[in-house]
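In what follows, a structure is listed as structure tokens, so that the remarks can point back to it.
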Amino acid sequence: MEIETHHSPPPQMWAGVECTVARIGNRYTNQMAAIGHASRPGDFERFAQLGIRALRLPVLWELVSPVEPKQHDWEWPDHALAEVKRLGIRPIVGLLHHGSGPGYTNLLDPQFSELLADHARAVAERYPWVDAYTPVNEPLTTARFSALYGHWYPHARHHTKMAQCLLHECRATILSMRAIRKVNPSAHLVQTEDLGEIFSTPLLTYQAAFENERRWLAWDLLCGRVDRNHPLYLWLLWIGVPRDELQWIKDNACPPDVIGVNHYLSSNRYLDEHIERYPVHSHGGNRKHRYADVLAARVVPDDLASPEKLLREAWERYQIPVAVTEVHNGCTREEQLRWLKYVWQGAANAKRSGANILAVTAWSLLGAVDWDSLLTAERDHYEPGVFDVRGPEPRATALVPMIQSLARGETPSHPVLAQLGWWQRHDRYHFGHQPEPRGKIRQMKAPARPILITGATGTLGQAFARMCVVRGLAYQLLRRSEMDIANAESIAGVLQRLNPWAVVNAAGYVRVDNAEVERDRCYQENAIGPGLLARACAQRRIPMVTFSSDLVFDGRKGSPYVESDPVSPLNEYGRSKAAAERMVLAEHPGALVIRTSAFFGPWDQYNFVTLALNALTRGERFVTAEDAVISPTYIPDLVQNTLDLLIDGEHGIWHLANDGVITWADLATLAAERAGLDPHLIHRVAAASLSLAAPRPAYSALASERGQLLPPLLEALTKYTRDRVDLRPGAIITEFEAAS
């Protein structure tokens, strides 16, 4: 591994794919299969285009030898390692990633260490040119989650079991590197571990001090530092660790060549004995005190636990080169960008101050599945990474150009980076905490260019404004009197004055039946206006998004419509939207056109679901069609994903609707059941009997050939029931909303 001085250029850019094979009971979960990486050979070409210097690449024990130790399946690693070698990327090979090994062993097995070393030897013999390894990823974290908290196999809950797992993992690392170096004496050990800091109330200082010492334990063991002078030596003996096992580790120390720091927003914690202030799921304790364990970012100032501080501590403790080996944030796109820049800047600052910081690793290149539950629940909850894999092929997000810029030593310039991440903003504090400002409060690094949002009095415009507040995105929400999108001079003046970096057109004519007699007005507001706005944005190279409808289709297909299906509207409203699509994309090929359907949300009183539930709450009959098929869309899901696509620079037509096909009547019934109301008051009729002025398609459900981004309808209805609030109709929302 190259050793650089603090006079050298900024840190290198590395990357990695979430690859955990976790055992929960007798069930294995495979992240590489879940995100498609295991069966998609073209991924490595995508990774190479990022400009990365090294790739954390799994050759996992559970996948190579799942049945018995001497039986190997090399097909995937043969291809993967050949590709990265051809592409000039240095592999850092991982052998065990948060796992307990194949079914014939586990972390508490006395033979675990020798068995993993046998696998390491086989890998090194097959790929003798590989010179960087991580035999066990995050040994302390894995031991805690598997044998102290019981999340993963072997599901123990005892300090002694946790320590046994950790010692087995460290012994396995030592024996594995010994076996590898018999083949390649120059092989480096890149030892990863989560590194966070624990903060607390004065009463719990002792607990925080213990955990802050324990976080170094895996590295201390490998470096041969755990002897009778180590702060945790007597504790380890007290919980039952044999003295001779500690002595063996010390005598056979295998110091890492690189200290690999995996750092997440959740790494830093805060302990407080006043548990009544905090949600029940955060409650825990030791034998002495009960306390809540919560995200430190919600309580303490960000500079107390900055990445720069943690990296400097790691360097000063070991004087071994340090790399950030995982950086990922399962959040909205702008916060992913901000988090990567925040950690990168911390690493660069630490390096400039004299710490030997080798690299920053963009983690979870292809995203991750079910990590919101620590893999303990199979809900297929996907969080995108650098690429989003929900389409036919992985789609590059805004993280791709950012990583490419960092790899070239350039400063990323996306407009959303002008504002700070939520963990730095003063409105992030929860649980009654509001620390005194430490110096000047930093809300923006520079004046932020806004997102311009039209449609201030409409449901969609207000929803975008609300979400921009939540996400820390500067915005300007405009009424028609402030900018008339059907007037080119009005548009030009506002764009010149506000200088937005993006425009969201949430205005338009929405009365489908009235459009049959107000054709000119409908066409003016839904087609001419968006076309003029698109022309003005194209002239100024401003990204733009506008909205279309499922009513551009006639329903004859009889199955969900995708983006490439030809349009054939049945009514004037649909014709105005179809015309808008043509005009906007002709004027601005880089524009984003979102087709959506039957949206509902918790913040207005006039959408279908809310009207149905209000009627049922009053004990009134609710009449709706039982033969019209749609794909409902939950407004918060629509807005969140539209903003992500806008930030990513996506263009063309996208279908955004919740995953599900349902009739209006069944939607009302499902919503009633979720809300605990009596669905028998729902009166099902044929759509033709409703005597609507505008003809509707009998089947207008939407699907996507570009990627199903919105979650299932049942999940959306559950969120709607949770989030529904009583708002004054037409009110403009400005208050801060807690981020999800």
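Each chain in the structure tokens gets a letter, A, B, ..., in the order shown, and its residues are numbered from 1; ligands are numbered from 1 in order too.
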
Residues near A:Leu166, cut-off 9 Å, only C-alpha atoms, skip fewer than 4 positions along chain, as an mmCIF file with C-alpha atoms, in the first residue's frame:
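Once everything was written out, this is around.cif:
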data_model
loop_
_atom_site.group_PDB
_atom_site.id
_atom_site.type_symbol
_atom_site.label_atom_id
_atom_site.label_comp_id
_atom_site.auth_asym_id
_atom_site.auth_seq_id
_atom_site.Cartn_x
_atom_site.Cartn_y
_atom_site.Cartn_z
ATOM 1 C CA LEU A 107 -18.095 -17.159 15.018
ATOM 2 C CA PRO A 139 -14.695 -7.667 13.553
ATOM 3 C CA LEU A 140 -15.794 -5.731 16.651
ATOM 4 C CA THR A 141 -19.026 -4.524 15.067
ATOM 5 C CA THR A 142 -19.787 -8.016 13.789
ATOM 6 C CA ALA A 143 -19.079 -9.528 17.211
ATOM 7 C CA ARG A 144 -21.342 -6.974 18.902
ATOM 8 C CA LYS A 161 -19.728 -14.493 23.817
ATOM 9 C CA MET A 162 -19.034 -11.169 22.127
ATOM 10 C CA CYS A 170 -8.720 -11.513 15.216
ATOM 11 C CA ARG A 171 -7.051 -14.924 15.380
ATOM 12 C CA LEU A 217 -10.258 -3.063 20.601
ATOM 13 C CA ALA A 218 -10.002 -4.946 17.287
#

Compile the contact shell of stretch 521-535 of chain A as a PyMOL selection string: residues with an atom at most 10 Å away, counting only C-alpha atoms, same-chain residues fewer than 6 positions apart removed. chain A and resi 484-492+495+503+505-512+514-515+541-548+572-591

Since we have the selection now, will you write its residues out, keeping N, CA and C atoms, as a compact mmCIF listing (two decimals), in the first residue's frame?
# COMPACT_ATOMS: atom_id res chain seq x y z
N ASP A 484 -46.19 34.42 -14.48
CA ASP A 484 -47.19 33.82 -15.35
C ASP A 484 -46.47 32.98 -16.39
N ILE A 485 -46.58 31.65 -16.28
CA ILE A 485 -45.82 30.79 -17.19
C ILE A 485 -46.34 30.85 -18.63
N ALA A 486 -47.50 31.47 -18.83
CA ALA A 486 -48.01 31.65 -20.20
C ALA A 486 -47.54 32.97 -20.80
N ASN A 487 -46.63 33.67 -20.10
CA ASN A 487 -46.13 34.95 -20.56
C ASN A 487 -44.60 34.90 -20.58
N ALA A 488 -44.02 34.95 -21.78
CA ALA A 488 -42.58 34.79 -21.92
C ALA A 488 -41.81 35.88 -21.19
N GLU A 489 -42.31 37.11 -21.21
CA GLU A 489 -41.61 38.21 -20.54
C GLU A 489 -41.62 38.02 -19.02
N SER A 490 -42.74 37.56 -18.50
CA SER A 490 -42.83 37.31 -17.07
C SER A 490 -41.84 36.22 -16.66
N ILE A 491 -41.75 35.16 -17.43
CA ILE A 491 -40.81 34.08 -17.14
C ILE A 491 -39.38 34.59 -17.15
N ALA A 492 -39.02 35.33 -18.19
CA ALA A 492 -37.64 35.80 -18.35
C ALA A 492 -37.23 36.70 -17.18
N LEU A 495 -36.70 34.51 -13.97
CA LEU A 495 -35.48 33.69 -14.05
C LEU A 495 -34.23 34.55 -13.92
N VAL A 503 -36.04 24.34 -12.08
CA VAL A 503 -37.43 24.80 -12.07
C VAL A 503 -38.35 23.59 -11.98
N ASN A 505 -42.25 22.84 -12.35
CA ASN A 505 -43.55 23.38 -12.74
C ASN A 505 -44.66 22.52 -12.15
N ALA A 506 -45.22 22.99 -11.05
CA ALA A 506 -46.31 22.28 -10.38
C ALA A 506 -47.64 22.99 -10.58
N ALA A 507 -47.67 23.94 -11.52
CA ALA A 507 -48.90 24.67 -11.82
C ALA A 507 -49.63 23.98 -12.97
N GLY A 508 -50.88 24.33 -13.14
CA GLY A 508 -51.63 23.80 -14.27
C GLY A 508 -53.11 23.73 -14.01
N TYR A 509 -53.83 23.47 -15.07
CA TYR A 509 -55.28 23.33 -15.02
C TYR A 509 -55.60 21.90 -14.61
N VAL A 510 -56.40 21.70 -13.55
CA VAL A 510 -56.60 20.37 -13.00
C VAL A 510 -58.04 19.87 -13.05
N ARG A 511 -58.97 20.69 -13.50
CA ARG A 511 -60.39 20.30 -13.48
C ARG A 511 -60.72 19.52 -14.76
N VAL A 512 -60.63 18.21 -14.66
CA VAL A 512 -60.73 17.35 -15.84
C VAL A 512 -62.06 17.51 -16.55
N ASN A 514 -64.32 20.08 -16.31
CA ASN A 514 -64.51 21.45 -16.80
C ASN A 514 -63.72 21.70 -18.07
N ALA A 515 -62.61 20.96 -18.25
CA ALA A 515 -61.78 21.16 -19.43
C ALA A 515 -62.54 20.88 -20.72
N ARG A 541 -30.02 27.02 -19.79
CA ARG A 541 -29.46 25.73 -19.36
C ARG A 541 -29.86 25.41 -17.92
N ILE A 542 -31.13 25.61 -17.63
CA ILE A 542 -31.67 25.33 -16.30
C ILE A 542 -32.45 24.02 -16.36
N PRO A 543 -32.15 23.04 -15.54
CA PRO A 543 -32.96 21.82 -15.50
C PRO A 543 -34.41 22.16 -15.12
N MET A 544 -35.32 21.39 -15.69
CA MET A 544 -36.74 21.65 -15.46
C MET A 544 -37.49 20.34 -15.35
N VAL A 545 -38.53 20.33 -14.49
CA VAL A 545 -39.43 19.19 -14.41
C VAL A 545 -40.86 19.69 -14.50
N THR A 546 -41.68 18.98 -15.23
CA THR A 546 -43.10 19.29 -15.31
C THR A 546 -43.87 17.99 -15.22
N PHE A 547 -45.20 18.09 -15.03
CA PHE A 547 -46.00 16.90 -14.72
C PHE A 547 -47.06 16.65 -15.77
N SER A 548 -47.18 15.37 -16.10
CA SER A 548 -48.22 14.91 -17.02
C SER A 548 -49.09 13.90 -16.29
N GLU A 572 -60.20 16.28 -23.20
CA GLU A 572 -59.45 17.51 -23.45
C GLU A 572 -58.29 17.68 -22.47
N TYR A 573 -58.50 17.32 -21.24
CA TYR A 573 -57.42 17.41 -20.26
C TYR A 573 -56.25 16.54 -20.70
N GLY A 574 -56.52 15.30 -21.06
CA GLY A 574 -55.46 14.40 -21.52
C GLY A 574 -54.77 14.93 -22.76
N ARG A 575 -55.56 15.52 -23.69
CA ARG A 575 -54.95 16.08 -24.90
C ARG A 575 -54.02 17.25 -24.56
N SER A 576 -54.41 18.07 -23.57
CA SER A 576 -53.54 19.19 -23.19
C SER A 576 -52.23 18.67 -22.59
N LYS A 577 -52.30 17.59 -21.82
CA LYS A 577 -51.09 17.04 -21.23
C LYS A 577 -50.20 16.38 -22.29
N ALA A 578 -50.80 15.70 -23.24
CA ALA A 578 -50.02 15.09 -24.32
C ALA A 578 -49.33 16.18 -25.14
N ALA A 579 -50.04 17.28 -25.39
CA ALA A 579 -49.42 18.40 -26.12
C ALA A 579 -48.28 19.00 -25.32
N ALA A 580 -48.46 19.10 -24.00
CA ALA A 580 -47.40 19.65 -23.15
C ALA A 580 -46.15 18.78 -23.23
N GLU A 581 -46.31 17.46 -23.20
CA GLU A 581 -45.16 16.58 -23.28
C GLU A 581 -44.36 16.86 -24.56
N ARG A 582 -45.08 16.95 -25.69
CA ARG A 582 -44.41 17.18 -26.97
C ARG A 582 -43.69 18.53 -26.97
N MET A 583 -44.39 19.57 -26.51
CA MET A 583 -43.83 20.91 -26.57
C MET A 583 -42.64 21.07 -25.63
N VAL A 584 -42.76 20.57 -24.42
CA VAL A 584 -41.69 20.73 -23.44
C VAL A 584 -40.42 20.03 -23.91
N LEU A 585 -40.54 18.79 -24.37
CA LEU A 585 -39.35 18.05 -24.78
C LEU A 585 -38.78 18.54 -26.10
N ALA A 586 -39.63 19.14 -26.94
CA ALA A 586 -39.10 19.76 -28.17
C ALA A 586 -38.30 21.01 -27.84
N GLU A 587 -38.79 21.80 -26.90
CA GLU A 587 -38.11 23.04 -26.52
C GLU A 587 -36.89 22.77 -25.63
N HIS A 588 -36.98 21.74 -24.79
CA HIS A 588 -35.94 21.49 -23.78
C HIS A 588 -35.73 19.98 -23.68
N PRO A 589 -34.91 19.39 -24.57
CA PRO A 589 -34.70 17.93 -24.53
C PRO A 589 -34.16 17.43 -23.19
N GLY A 590 -33.56 18.30 -22.40
CA GLY A 590 -33.05 17.90 -21.11
C GLY A 590 -34.07 17.99 -19.99
N ALA A 591 -35.30 18.34 -20.33
CA ALA A 591 -36.34 18.46 -19.30
C ALA A 591 -36.79 17.08 -18.83

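For the choices A:Ile647, A:Ile662, A:Val629, A:Tyr382, the atom-to-atom distance to A:Ala502 is smallest for A:Ile647 when using only C-alpha atoms.
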
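Residues with any atom within 8 Å of stretch 147-159 of chain A, counting only C-alpha atoms and excluding same-chain neighbours fewer than 3 positions away, are Ala22, Arg23, Ile24, Gly25, Ser100, Asn106, Leu107, Leu108, Ala143, Arg144, Met162, Ala163, Cys165, Ile239, Leu374 and Thr376 of chain A.
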
How would the residues just picked look written out with N, CA and C atoms as a PDB file, in the first residue's frame?
ATOM      1  N   ALA A  22     -25.319 -12.333   5.387  1.00  0.00           N
ATOM      2  CA  ALA A  22     -25.670 -12.433   6.805  1.00  0.00           C
ATOM      3  C   ALA A  22     -26.518 -13.672   7.046  1.00  0.00           C
ATOM      4  N   ARG A  23     -26.275 -14.295   8.187  1.00  0.00           N
ATOM      5  CA  ARG A  23     -27.081 -15.447   8.586  1.00  0.00           C
ATOM      6  C   ARG A  23     -28.001 -15.012   9.714  1.00  0.00           C
ATOM      7  N   ILE A  24     -29.289 -15.148   9.474  1.00  0.00           N
ATOM      8  CA  ILE A  24     -30.304 -14.835  10.480  1.00  0.00           C
ATOM      9  C   ILE A  24     -31.027 -16.146  10.769  1.00  0.00           C
ATOM     10  N   GLY A  25     -30.761 -16.737  11.930  1.00  0.00           N
ATOM     11  CA  GLY A  25     -31.268 -18.082  12.176  1.00  0.00           C
ATOM     12  C   GLY A  25     -30.611 -19.035  11.200  1.00  0.00           C
ATOM     13  N   SER A 100     -21.020 -15.043   9.614  1.00  0.00           N
ATOM     14  CA  SER A 100     -20.564 -16.001  10.613  1.00  0.00           C
ATOM     15  C   SER A 100     -19.921 -17.201   9.929  1.00  0.00           C
ATOM     16  N   ASN A 106     -19.192 -21.205  12.628  1.00  0.00           N
ATOM     17  CA  ASN A 106     -19.782 -19.936  13.065  1.00  0.00           C
ATOM     18  C   ASN A 106     -18.747 -19.205  13.912  1.00  0.00           C
ATOM     19  N   LEU A 107     -19.058 -17.995  14.312  1.00  0.00           N
ATOM     20  CA  LEU A 107     -18.095 -17.159  15.018  1.00  0.00           C
ATOM     21  C   LEU A 107     -17.659 -17.730  16.360  1.00  0.00           C
ATOM     22  N   LEU A 108     -18.456 -18.609  16.953  1.00  0.00           N
ATOM     23  CA  LEU A 108     -18.111 -19.190  18.249  1.00  0.00           C
ATOM     24  C   LEU A 108     -17.448 -20.562  18.121  1.00  0.00           C
ATOM     25  N   ALA A 143     -18.972  -8.810  15.934  1.00  0.00           N
ATOM     26  CA  ALA A 143     -19.079  -9.528  17.211  1.00  0.00           C
ATOM     27  C   ALA A 143     -20.186  -8.937  18.077  1.00  0.00           C
ATOM     28  N   ARG A 144     -20.288  -7.614  18.109  1.00  0.00           N
ATOM     29  CA  ARG A 144     -21.342  -6.974  18.902  1.00  0.00           C
ATOM     30  C   ARG A 144     -22.727  -7.330  18.372  1.00  0.00           C
ATOM     31  N   MET A 162     -19.518 -12.202  23.030  1.00  0.00           N
ATOM     32  CA  MET A 162     -19.034 -11.169  22.127  1.00  0.00           C
ATOM     33  C   MET A 162     -17.506 -11.175  22.065  1.00  0.00           C
ATOM     34  N   ALA A 163     -16.849 -11.260  23.237  1.00  0.00           N
ATOM     35  CA  ALA A 163     -15.390 -11.271  23.275  1.00  0.00           C
ATOM     36  C   ALA A 163     -14.826 -12.515  22.593  1.00  0.00           C
ATOM     37  N   CYS A 165     -16.190 -14.158  20.099  1.00  0.00           N
ATOM     38  CA  CYS A 165     -16.309 -13.916  18.652  1.00  0.00           C
ATOM     39  C   CYS A 165     -15.193 -13.002  18.173  1.00  0.00           C
ATOM     40  N   ILE A 239     -14.706 -10.906  32.283  1.00  0.00           N
ATOM     41  CA  ILE A 239     -15.855 -11.497  31.586  1.00  0.00           C
ATOM     42  C   ILE A 239     -15.556 -12.918  31.104  1.00  0.00           C
ATOM     43  N   LEU A 374     -31.120  -3.656   9.810  1.00  0.00           N
ATOM     44  CA  LEU A 374     -29.891  -4.430  10.044  1.00  0.00           C
ATOM     45  C   LEU A 374     -30.031  -5.853   9.500  1.00  0.00           C
ATOM     46  N   THR A 376     -32.430  -7.811   9.491  1.00  0.00           N
ATOM     47  CA  THR A 376     -33.224  -8.746  10.289  1.00  0.00           C
ATOM     48  C   THR A 376     -34.642  -8.911   9.772  1.00  0.00           C
TER      49      THR A 376
END

Residues at most 9 Å from A:Ile259, counting only C-alpha atoms, excluding those fewer than 4 positions away in the same chain, as a JSON list (two decimals) with C-alpha atoms, in the first residue's frame?
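Below is the file that was written, part31.json:
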[["chain", "number", "residue", "atom", "x", "y", "z"],
["A", 189, "LEU", "CA", -3.75, -6.00, 5.63],
["A", 190, "VAL", "CA", -6.44, -3.33, 5.29],
["A", 191, "GLN", "CA", -8.30, -3.71, 8.57],
["A", 192, "THR", "CA", -11.71, -2.07, 8.62],
["A", 193, "GLU", "CA", -13.85, -1.16, 11.60],
["A", 219, "TRP", "CA", -7.12, -2.80, 16.07],
["A", 314, "ALA", "CA", -6.80, 7.04, 14.52],
["A", 315, "TRP", "CA", -3.56, 8.30, 12.99],
["A", 318, "TYR", "CA", -1.40, 3.97, 15.67],
["A", 320, "ILE", "CA", -0.35, 3.66, 10.61],
["A", 321, "PRO", "CA", -1.75, 5.01, 7.32],
["A", 322, "VAL", "CA", -5.51, 5.56, 7.53],
["A", 323, "ALA", "CA", -8.23, 5.24, 4.89],
["A", 324, "VAL", "CA", -11.93, 5.91, 5.14],
["A", 325, "THR", "CA", -13.11, 2.53, 3.87]]

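Excluding A:Ala80 itself and any same-chain residue fewer than 6 positions from it, the protein and nucleic acid residues within 9 Å of it, counting only C-alpha atoms, are Pro41, Phe44 and Leu57 of chain A.
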
Serialized selection, N, CA, C and O atoms, as a PDB file, in the first residue's frame:
ATOM      1  N   PRO A  41     -22.346  -8.724 -15.249  1.00  0.00           N
ATOM      2  CA  PRO A  41     -20.903  -8.614 -15.513  1.00  0.00           C
ATOM      3  C   PRO A  41     -20.440  -7.220 -15.904  1.00  0.00           C
ATOM      4  O   PRO A  41     -19.258  -6.907 -15.795  1.00  0.00           O
ATOM      5  N   PHE A  44     -18.328  -3.701 -13.535  1.00  0.00           N
ATOM      6  CA  PHE A  44     -16.948  -3.254 -13.316  1.00  0.00           C
ATOM      7  C   PHE A  44     -16.543  -2.165 -14.308  1.00  0.00           C
ATOM      8  O   PHE A  44     -15.743  -1.280 -13.971  1.00  0.00           O
ATOM      9  N   LEU A  57     -13.339  -5.664  -2.969  1.00  0.00           N
ATOM     10  CA  LEU A  57     -13.961  -6.696  -3.784  1.00  0.00           C
ATOM     11  C   LEU A  57     -14.123  -7.974  -2.959  1.00  0.00           C
ATOM     12  O   LEU A  57     -13.133  -8.498  -2.431  1.00  0.00           O
TER      13      LEU A  57
END

From a DSSP pass on the backbone, collect the residues of stretch 570-651 of chain A flagged as strand (DSSP E or B) and hand them back as JSON, numbers by chain. {"A": [592, 593, 594, 595, 596, 599, 600, 622, 623, 624, 625, 629, 630, 633, 634]}

Just to be explicit: take each residue in the selection above, keep N, CA and C atoms, and write the result as a compact mmCIF listing (two decimals), in the first residue's frame.
# COMPACT_ATOMS: atom_id res chain seq x y z
N LEU A 592 -37.36 17.07 -17.65
CA LEU A 592 -37.89 15.86 -17.04
C LEU A 592 -39.41 15.98 -17.01
N VAL A 593 -40.09 15.00 -17.59
CA VAL A 593 -41.56 14.99 -17.63
C VAL A 593 -42.04 13.79 -16.82
N ILE A 594 -42.76 14.07 -15.75
CA ILE A 594 -43.24 13.02 -14.86
C ILE A 594 -44.71 12.75 -15.13
N ARG A 595 -44.99 11.54 -15.59
CA ARG A 595 -46.40 11.11 -15.66
C ARG A 595 -46.77 10.46 -14.33
N THR A 596 -47.90 10.86 -13.79
CA THR A 596 -48.34 10.31 -12.52
C THR A 596 -49.85 10.11 -12.55
N PHE A 599 -53.09 11.09 -7.45
CA PHE A 599 -52.28 11.25 -6.25
C PHE A 599 -53.11 11.64 -5.03
N PHE A 600 -52.58 11.20 -3.88
CA PHE A 600 -53.21 11.45 -2.59
C PHE A 600 -52.11 11.75 -1.58
N PHE A 622 -70.14 6.71 0.54
CA PHE A 622 -69.17 7.24 -0.43
C PHE A 622 -69.29 6.43 -1.72
N VAL A 623 -69.62 7.13 -2.80
CA VAL A 623 -69.87 6.49 -4.09
C VAL A 623 -68.62 6.60 -4.96
N THR A 624 -68.20 5.47 -5.53
CA THR A 624 -67.01 5.48 -6.37
C THR A 624 -67.06 4.33 -7.37
N ALA A 625 -66.22 4.44 -8.41
CA ALA A 625 -66.24 3.48 -9.52
C ALA A 625 -65.53 2.18 -9.15
N VAL A 629 -59.54 1.23 -13.43
CA VAL A 629 -58.30 0.74 -12.84
C VAL A 629 -57.21 1.81 -12.94
N ILE A 630 -56.52 2.04 -11.84
CA ILE A 630 -55.53 3.11 -11.75
C ILE A 630 -54.29 2.63 -10.98
N THR A 633 -50.88 7.37 -6.40
CA THR A 633 -49.56 7.92 -6.13
C THR A 633 -49.59 8.73 -4.84
N TYR A 634 -48.76 8.34 -3.88
CA TYR A 634 -48.66 9.06 -2.62
C TYR A 634 -47.78 10.29 -2.83

Which residues come within 9 Å of stretch 387-397 of chain A, counting only C-alpha atoms, excluding same-chain residues fewer than 6 positions away, as a ChimeraX atom specification? /A:35-36,40,43,46,333,364-367,644-645,647-650,704-709
